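Just protein-v3.txt here, compact mmCIF, C-alpha atoms:
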# COMPACT_ATOMS: atom_id res chain seq x y z
CA GLY A 1 -5.51 7.98 21.15
CA GLU A 2 -5.96 5.73 18.19
CA ASN A 3 -8.36 7.70 16.05
CA VAL A 4 -8.36 7.67 12.29
CA GLU A 5 -10.57 10.45 11.01
CA GLN A 6 -11.77 10.36 7.41
CA HIS A 7 -13.62 12.92 5.30
CA PRO A 8 -15.79 13.53 3.47
CA SER A 9 -18.31 10.87 4.41
CA THR A 10 -19.92 11.16 0.98
CA LEU A 11 -18.43 12.40 -2.27
CA SER A 12 -20.04 12.77 -5.68
CA VAL A 13 -17.92 13.53 -8.74
CA GLN A 14 -18.62 13.68 -12.44
CA GLU A 15 -17.26 10.76 -14.44
CA GLY A 16 -13.81 11.69 -15.69
CA ASP A 17 -13.11 14.14 -12.88
CA SER A 18 -10.78 13.52 -9.93
CA ALA A 19 -11.74 12.47 -6.42
CA VAL A 20 -9.78 13.15 -3.24
CA ILE A 21 -10.41 11.56 0.15
CA LYS A 22 -8.49 12.68 3.23
CA CYS A 23 -7.58 11.03 6.51
CA THR A 24 -5.83 12.13 9.68
CA TYR A 25 -4.31 9.90 12.32
CA SER A 26 -3.32 10.49 15.91
CA ASP A 27 -0.37 8.18 16.62
CA SER A 28 2.82 9.81 15.37
CA ALA A 29 4.56 6.42 15.41
CA SER A 30 2.23 5.04 12.72
CA ASN A 31 4.24 3.96 9.70
CA TYR A 32 1.83 2.17 7.36
CA PHE A 33 -1.23 3.67 5.66
CA PRO A 34 -3.48 1.46 3.53
CA TRP A 35 -6.59 2.29 1.54
CA TYR A 36 -9.37 -0.22 1.03
CA LYS A 37 -12.26 -0.26 -1.44
CA GLN A 38 -15.48 -2.00 -0.49
CA GLU A 39 -18.19 -2.58 -3.05
CA LEU A 40 -21.72 -3.29 -1.92
CA GLY A 41 -21.98 -6.69 -0.28
CA LYS A 42 -18.30 -7.48 -0.78
CA ARG A 43 -15.17 -7.65 1.32
CA PRO A 44 -12.80 -4.68 1.72
CA GLN A 45 -10.00 -4.94 -0.83
CA LEU A 46 -6.59 -3.36 -0.43
CA ILE A 47 -6.08 -0.98 -3.37
CA ILE A 48 -2.95 0.90 -2.38
CA ASP A 49 -0.76 1.48 0.65
CA ILE A 50 2.13 3.68 1.62
CA ARG A 51 4.83 3.48 4.25
CA SER A 52 6.19 6.40 6.17
CA ASN A 53 9.51 6.52 4.37
CA VAL A 54 7.91 7.91 1.18
CA GLY A 55 5.65 10.87 0.53
CA GLU A 56 3.72 9.62 -2.49
CA LYS A 57 2.90 6.39 -4.28
CA LYS A 58 1.05 5.93 -7.57
CA ASP A 59 -0.60 2.96 -9.24
CA GLN A 60 -2.23 3.87 -12.55
CA ARG A 61 -5.18 6.17 -11.73
CA ILE A 62 -4.74 5.88 -7.97
CA ALA A 63 -2.26 7.72 -5.80
CA VAL A 64 -1.71 8.20 -2.10
CA THR A 65 0.14 11.11 -0.51
CA LEU A 66 1.43 11.26 3.04
CA ASN A 67 2.31 14.24 5.21
CA LYS A 68 3.86 12.85 8.39
CA THR A 69 4.36 16.25 9.96
CA ALA A 70 0.67 17.05 9.72
CA LYS A 71 -0.32 13.42 10.30
CA HIS A 72 -2.56 13.18 7.29
CA PHE A 73 -2.73 11.15 4.12
CA SER A 74 -4.94 11.31 1.07
CA LEU A 75 -6.26 9.08 -1.69
CA HIS A 76 -6.43 10.56 -5.18
CA ILE A 77 -8.37 8.92 -7.99
CA THR A 78 -8.00 10.52 -11.42
CA GLU A 79 -10.17 10.06 -14.53
CA THR A 80 -12.91 8.48 -12.43
CA GLN A 81 -15.01 5.72 -13.96
CA PRO A 82 -18.39 4.22 -12.95
CA GLU A 83 -16.65 1.18 -11.44
CA ASP A 84 -14.90 3.48 -8.96
CA SER A 85 -18.24 3.90 -7.16
CA ALA A 86 -17.79 2.22 -3.77
CA VAL A 87 -16.99 2.92 -0.13
CA TYR A 88 -13.33 3.73 0.53
CA PHE A 89 -11.65 3.26 3.91
CA CYS A 90 -8.34 4.57 5.13
CA ALA A 91 -6.54 2.87 8.00
CA ALA A 92 -3.44 3.17 10.15
CA PRO A 93 -1.80 1.16 12.94
CA ASN A 94 -2.49 2.19 16.51
CA ARG A 95 0.10 2.22 19.28
CA ASP A 96 -0.30 -1.57 19.59
CA ASP A 97 0.40 -1.98 15.87
CA LYS A 98 -3.18 -3.04 15.11
CA ILE A 99 -4.83 -1.67 11.97
CA ILE A 100 -7.61 0.80 12.80
CA PHE A 101 -10.07 1.98 10.11
CA GLY A 102 -11.71 5.26 9.35
CA LYS A 103 -15.48 5.46 9.02
CA GLY A 104 -15.44 5.40 5.25
CA THR A 105 -16.25 7.63 2.28
CA ARG A 106 -19.06 6.71 -0.06
CA LEU A 107 -17.93 7.73 -3.55
CA HIS A 108 -20.57 8.23 -6.25
CA ILE A 109 -19.44 8.63 -9.86
CA LEU A 110 -22.08 10.59 -11.74
CA PRO A 111 -22.68 9.87 -15.46
CA GLU B 1 -10.05 -12.69 -4.57
CA THR B 2 -7.95 -13.46 -1.49
CA GLY B 3 -7.40 -16.99 -0.16
CA VAL B 4 -9.25 -16.12 3.06
CA THR B 5 -12.53 -17.94 3.58
CA GLN B 6 -15.24 -17.58 6.21
CA SER B 7 -18.24 -19.62 7.25
CA PRO B 8 -21.13 -19.38 7.40
CA THR B 9 -21.97 -16.55 5.00
CA HIS B 10 -25.19 -15.64 6.79
CA LEU B 11 -26.57 -16.45 10.21
CA ILE B 12 -29.69 -15.53 12.14
CA LYS B 13 -29.67 -15.88 15.92
CA THR B 14 -31.92 -14.90 18.79
CA ARG B 15 -30.90 -12.52 21.55
CA GLY B 16 -29.15 -14.41 24.36
CA GLN B 17 -27.87 -17.20 22.13
CA GLN B 18 -24.25 -18.00 21.36
CA VAL B 19 -22.58 -18.06 17.95
CA THR B 20 -19.31 -19.35 16.47
CA LEU B 21 -17.88 -17.92 13.28
CA ARG B 22 -14.98 -19.50 11.39
CA CYS B 23 -12.12 -18.21 9.29
CA SER B 24 -9.43 -19.92 7.25
CA SER B 25 -6.44 -17.71 6.62
CA GLN B 26 -4.48 -17.32 3.43
CA SER B 27 -1.77 -19.94 2.97
CA GLY B 28 1.38 -19.00 4.86
CA HIS B 29 -0.35 -16.35 6.98
CA ASN B 30 -0.04 -16.97 10.74
CA THR B 31 -1.88 -13.90 11.99
CA VAL B 32 -5.65 -13.41 11.94
CA SER B 33 -7.57 -10.31 12.96
CA TRP B 34 -11.32 -10.09 13.48
CA TYR B 35 -13.40 -7.01 12.77
CA GLN B 36 -17.04 -6.07 13.30
CA GLN B 37 -18.58 -3.88 10.61
CA ALA B 38 -21.95 -2.38 11.43
CA LEU B 39 -24.06 -1.09 8.55
CA GLY B 40 -22.61 2.09 7.12
CA GLN B 41 -19.56 2.02 9.39
CA GLY B 42 -15.91 1.13 9.09
CA PRO B 43 -14.56 -2.18 10.40
CA GLN B 44 -14.01 -2.11 14.17
CA PHE B 45 -11.05 -4.13 15.50
CA ILE B 46 -12.13 -6.93 17.86
CA PHE B 47 -8.90 -8.88 18.43
CA GLN B 48 -5.94 -10.49 16.74
CA TYR B 49 -4.43 -13.96 17.01
CA TYR B 50 -0.80 -14.77 16.29
CA ARG B 51 0.45 -18.36 16.51
CA GLU B 52 -2.57 -19.45 18.57
CA GLU B 53 -2.30 -16.67 21.16
CA GLU B 54 -4.41 -13.53 21.48
CA ASN B 55 -2.18 -10.66 20.39
CA GLY B 56 -4.16 -7.51 21.04
CA ARG B 57 -7.77 -6.64 21.66
CA GLY B 58 -10.05 -3.76 20.80
CA ASN B 59 -12.82 -2.26 22.89
CA PHE B 60 -15.11 -5.30 22.95
CA PRO B 61 -16.52 -7.06 26.06
CA PRO B 62 -15.28 -10.49 27.24
CA ARG B 63 -18.30 -12.22 25.71
CA PHE B 64 -16.39 -11.84 22.44
CA SER B 65 -13.71 -14.52 22.50
CA GLY B 66 -11.62 -16.36 19.98
CA LEU B 67 -9.32 -19.22 19.16
CA GLN B 68 -6.61 -19.92 16.65
CA PHE B 69 -5.68 -23.44 15.67
CA PRO B 70 -2.29 -24.95 14.69
CA ASN B 71 -3.19 -24.57 10.99
CA TYR B 72 -3.81 -20.84 11.73
CA SER B 73 -7.53 -21.00 11.08
CA SER B 74 -9.54 -19.11 13.67
CA GLU B 75 -12.90 -18.89 15.40
CA LEU B 76 -14.81 -15.95 16.83
CA ASN B 77 -17.28 -16.80 19.58
CA VAL B 78 -19.91 -14.43 20.85
CA ASN B 79 -21.95 -15.30 23.94
CA ALA B 80 -25.19 -13.77 25.19
CA LEU B 81 -25.96 -12.16 21.84
CA GLU B 82 -27.44 -8.67 21.85
CA LEU B 83 -29.37 -6.91 19.09
CA ASP B 84 -26.41 -4.54 18.55
CA ASP B 85 -24.22 -7.51 17.66
CA SER B 86 -25.96 -7.61 14.29
CA ALA B 87 -23.20 -6.80 11.80
CA LEU B 88 -20.83 -8.14 9.17
CA TYR B 89 -17.96 -9.97 10.85
CA LEU B 90 -14.76 -9.92 8.86
CA CYS B 91 -11.56 -11.78 9.41
CA ALA B 92 -8.30 -10.66 7.86
CA SER B 93 -5.07 -12.58 7.61
CA THR B 94 -1.54 -11.19 7.60
CA LEU B 95 1.76 -12.83 6.75
CA GLY B 96 3.04 -12.41 10.29
CA GLN B 97 4.57 -10.13 12.85
CA GLY B 98 6.00 -7.02 11.28
CA ALA B 99 3.78 -7.35 8.20
CA TYR B 100 0.82 -5.02 7.88
CA GLU B 101 -0.88 -5.99 4.63
CA GLN B 102 -4.24 -7.53 5.53
CA TYR B 103 -6.38 -9.66 3.25
CA PHE B 104 -10.02 -9.95 4.15
CA GLY B 105 -12.41 -12.85 3.92
CA PRO B 106 -15.91 -12.35 2.49
CA GLY B 107 -17.43 -11.95 5.96
CA THR B 108 -20.29 -13.49 7.90
CA ARG B 109 -23.50 -11.49 8.10
CA LEU B 110 -24.96 -12.01 11.58
CA THR B 111 -28.50 -10.93 12.35
CA VAL B 112 -29.70 -11.02 15.96
CA THR B 113 -33.45 -10.85 16.48

Before anything else, please render the file you have as structure tokens.
Amino acid sequence: GENVEQHPSTLSVQEGDSAVIKCTYSDSASNYFPWYKQELGKRPQLIIDIRSNVGEKKDQRIAVTLNKTAKHFSLHITETQPEDSAVYFCAAPNRDDKIIFGKGTRLHILP
Amino acid sequence: ETGVTQSPTHLIKTRGQQVTLRCSSQSGHNTVSWYQQALGQGPQFIFQYYREEENGRGNFPPRFSGLQFPNYSSELNVNALELDDSALYLCASTLGQGAYEQYFGPGTRLTVT
């Protein structure tokens, strides 16, 4: 199969707290795992990605972890800010090497 | 912002009509993928073009077709429009085979009435 499952579908966190979004994928050959952020009415923007040869990657307040054995990867946002409110999508290549997206997580940062 | 552009930004069509959407890829990118994003959903892969040839297709009927031109710009054509075709259509360009990083255009919002 070529499913990318993402959860939760909605997440509310207090400003300053951390947010974690998780994804699982089905194709064990997948080797690239991007995360996109989509603000209302805008295009998806690549915020971080990881390849299968590493287990974790960080960029300021954002990090992605990968567990290839379990076929899951997670997005971690620390010290959340109001501008982090958006829909986040994970994605992975299918067996034909085409990028397939999860259904998205709507993140609300509460004041 | 990426260098990927799309036109038009919005479009309203009637059921049964045909539509053509356009995408200009980022400079140097020879691969373009098209996605359909229904409201509240993730982007669904329609197809990909690499050097003017279709290079993979998702679970969409044949009335969804495309083209890529020598300058790597691309078109998405949809015939016999249905109400469920109402969505945001996104194109994404990639540097080429073996590269995964995709950069999206702003999308075309299609409404079918």

- Query: Of the candidates B:Phe64, B:Gln102, B:Leu21, B:Tyr49, which shows the shortest atom-to-atom distance to Ile48 in chain A, using all atoms listed in the file?
  - Reply: B:Gln102

If the box runs along x, y and z of the file and leaves 4 Å on each side of range 37-53 of chain B, what are its centre and edge lengths in Å, one decimal, as lines of an AutoDock Vina configuration file?
center_x = -11.8
center_y = -8.7
center_z = 14.1
size_x = 32.5
size_y = 29.5
size_z = 22.0

- Task: Calculate how many Å separate CA of Glu5 in chain A from CA of Ala91 in chain A, rounding to one decimal.
- Result: 9.1 Å

Contacts of Gly104 in chain A within 8 Å, all atoms listed in the file, excl. fewer than 4 positions in-chain, as a PDB file with C-alpha atoms, in the coordinates of the input:
ATOM      1  CA  GLN A   6     -11.770  10.360   7.410  1.00  0.00           C
ATOM      2  CA  HIS A   7     -13.620  12.920   5.300  1.00  0.00           C
ATOM      3  CA  SER A   9     -18.310  10.870   4.410  1.00  0.00           C
ATOM      4  CA  VAL A  87     -16.990   2.920  -0.130  1.00  0.00           C
ATOM      5  CA  TYR A  88     -13.330   3.730   0.530  1.00  0.00           C
ATOM      6  CA  PHE A  89     -11.650   3.260   3.910  1.00  0.00           C
ATOM      7  CA  CYS A  90      -8.340   4.570   5.130  1.00  0.00           C
TER       8      CYS A  90
ATOM      9  CA  GLN B  41     -19.560   2.020   9.390  1.00  0.00           C
ATOM     10  CA  GLY B  42     -15.910   1.130   9.090  1.00  0.00           C
TER      11      GLY B  42
END

- Message: One number please: CA of Leu75 in chain A to CA of Ala92 in chain A, in Å, one decimal.
- Response: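 Computing the Euclidean distance for CA of Leu75 in chain A and CA of Ala92 in chain A yields 13.5 Å.
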
- Using all atoms listed in the file, which residues sit within 8 Å of range 57-74 of chain A once same-chain residues fewer than 6 positions away are excluded, as a ChimeraX atom specification? /A:20-26,28,33,48-50

- Query: Of the residues A:Gly41, A:Gly55, A:Pro8, A:Pro82, which is the one nearest to chain B, using all atoms listed in the file?
  - Reply: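 Looking at the shortest contact to chain B, the residue is A:Gly41.
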
Against chain A, which residues of chain B fall within 10 Å? For each one I want the closest pair of atoms and the distance in Å (one decimal), counting only C-alpha atoms, rows by chain and increasing residue number, as CSV.
residue,atom,partner,partner_atom,distance
B:Glu1,CA,A:Gln45,CA,8.6
B:Thr2,CA,A:Gln45,CA,8.8
B:Ser33,CA,A:Lys98,CA,8.8
B:Tyr35,CA,A:Ile100,CA,9.7
B:Gln37,CA,A:Lys103,CA,10.0
B:Gly40,CA,A:Lys103,CA,8.1
B:Gln41,CA,A:Lys103,CA,5.3
B:Gly42,CA,A:Lys103,CA,4.4
B:Pro43,CA,A:Phe101,CA,6.1
B:Gln44,CA,A:Phe101,CA,7.0
B:Phe45,CA,A:Ile100,CA,6.6
B:Phe47,CA,A:Lys98,CA,8.8
B:Gln48,CA,A:Lys98,CA,8.1
B:Asn55,CA,A:Asp96,CA,9.3
B:Gly56,CA,A:Asp96,CA,7.2
B:Arg57,CA,A:Lys98,CA,8.8
B:Gly58,CA,A:Lys98,CA,8.9
B:Leu88,CA,A:Gly41,CA,9.6
B:Leu90,CA,A:Arg43,CA,7.9
B:Cys91,CA,A:Arg43,CA,9.8
B:Ala92,CA,A:Pro44,CA,9.7
B:Gln97,CA,A:Asp97,CA,9.6
B:Gly98,CA,A:Asp97,CA,8.8
B:Ala99,CA,A:Tyr32,CA,9.8
B:Tyr100,CA,A:Tyr32,CA,7.3
B:Glu101,CA,A:Pro34,CA,8.0
B:Gln102,CA,A:Leu46,CA,7.6
B:Tyr103,CA,A:Gln45,CA,7.2
B:Phe104,CA,A:Arg43,CA,6.3
B:Gly105,CA,A:Arg43,CA,6.4
B:Pro106,CA,A:Arg43,CA,4.9
B:Gly107,CA,A:Arg43,CA,6.7
B:Arg109,CA,A:Gly41,CA,9.8

- Could you jot down the CA of Asn71 in chain B to CA of Thr5 in chain B separation for me, Å, one decimal place?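 One can read the CA of Asn71 in chain B to CA of Thr5 in chain B distance as 13.6 Å.
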
- Item | Best match for closeness to Ser65 in chain B among B:Val19, B:Leu95, B:Val112, B:Leu83, counting only C-alpha atoms |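 Of B:Val19, B:Leu95, B:Val112, B:Leu83, the one nearest Ser65 in chain B is B:Val19, counting only C-alpha atoms.
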
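Remark: for Gly16 in chain B, the closest of the candidate residues B:Ser74, B:Thr94, B:Thr111, B:Asn79 is B:Asn79 (distances computed over all atoms listed in the file).
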
- Message: Please determine, counting only C-alpha atoms, which residue among B:His29, B:Ser24, B:Gln18, B:Thr9 has the shortest atom-to-atom distance to Arg63 in chain B.
- Response: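 Residue with the minimum atom-to-atom distance to Arg63 in chain B: B:Gln18.
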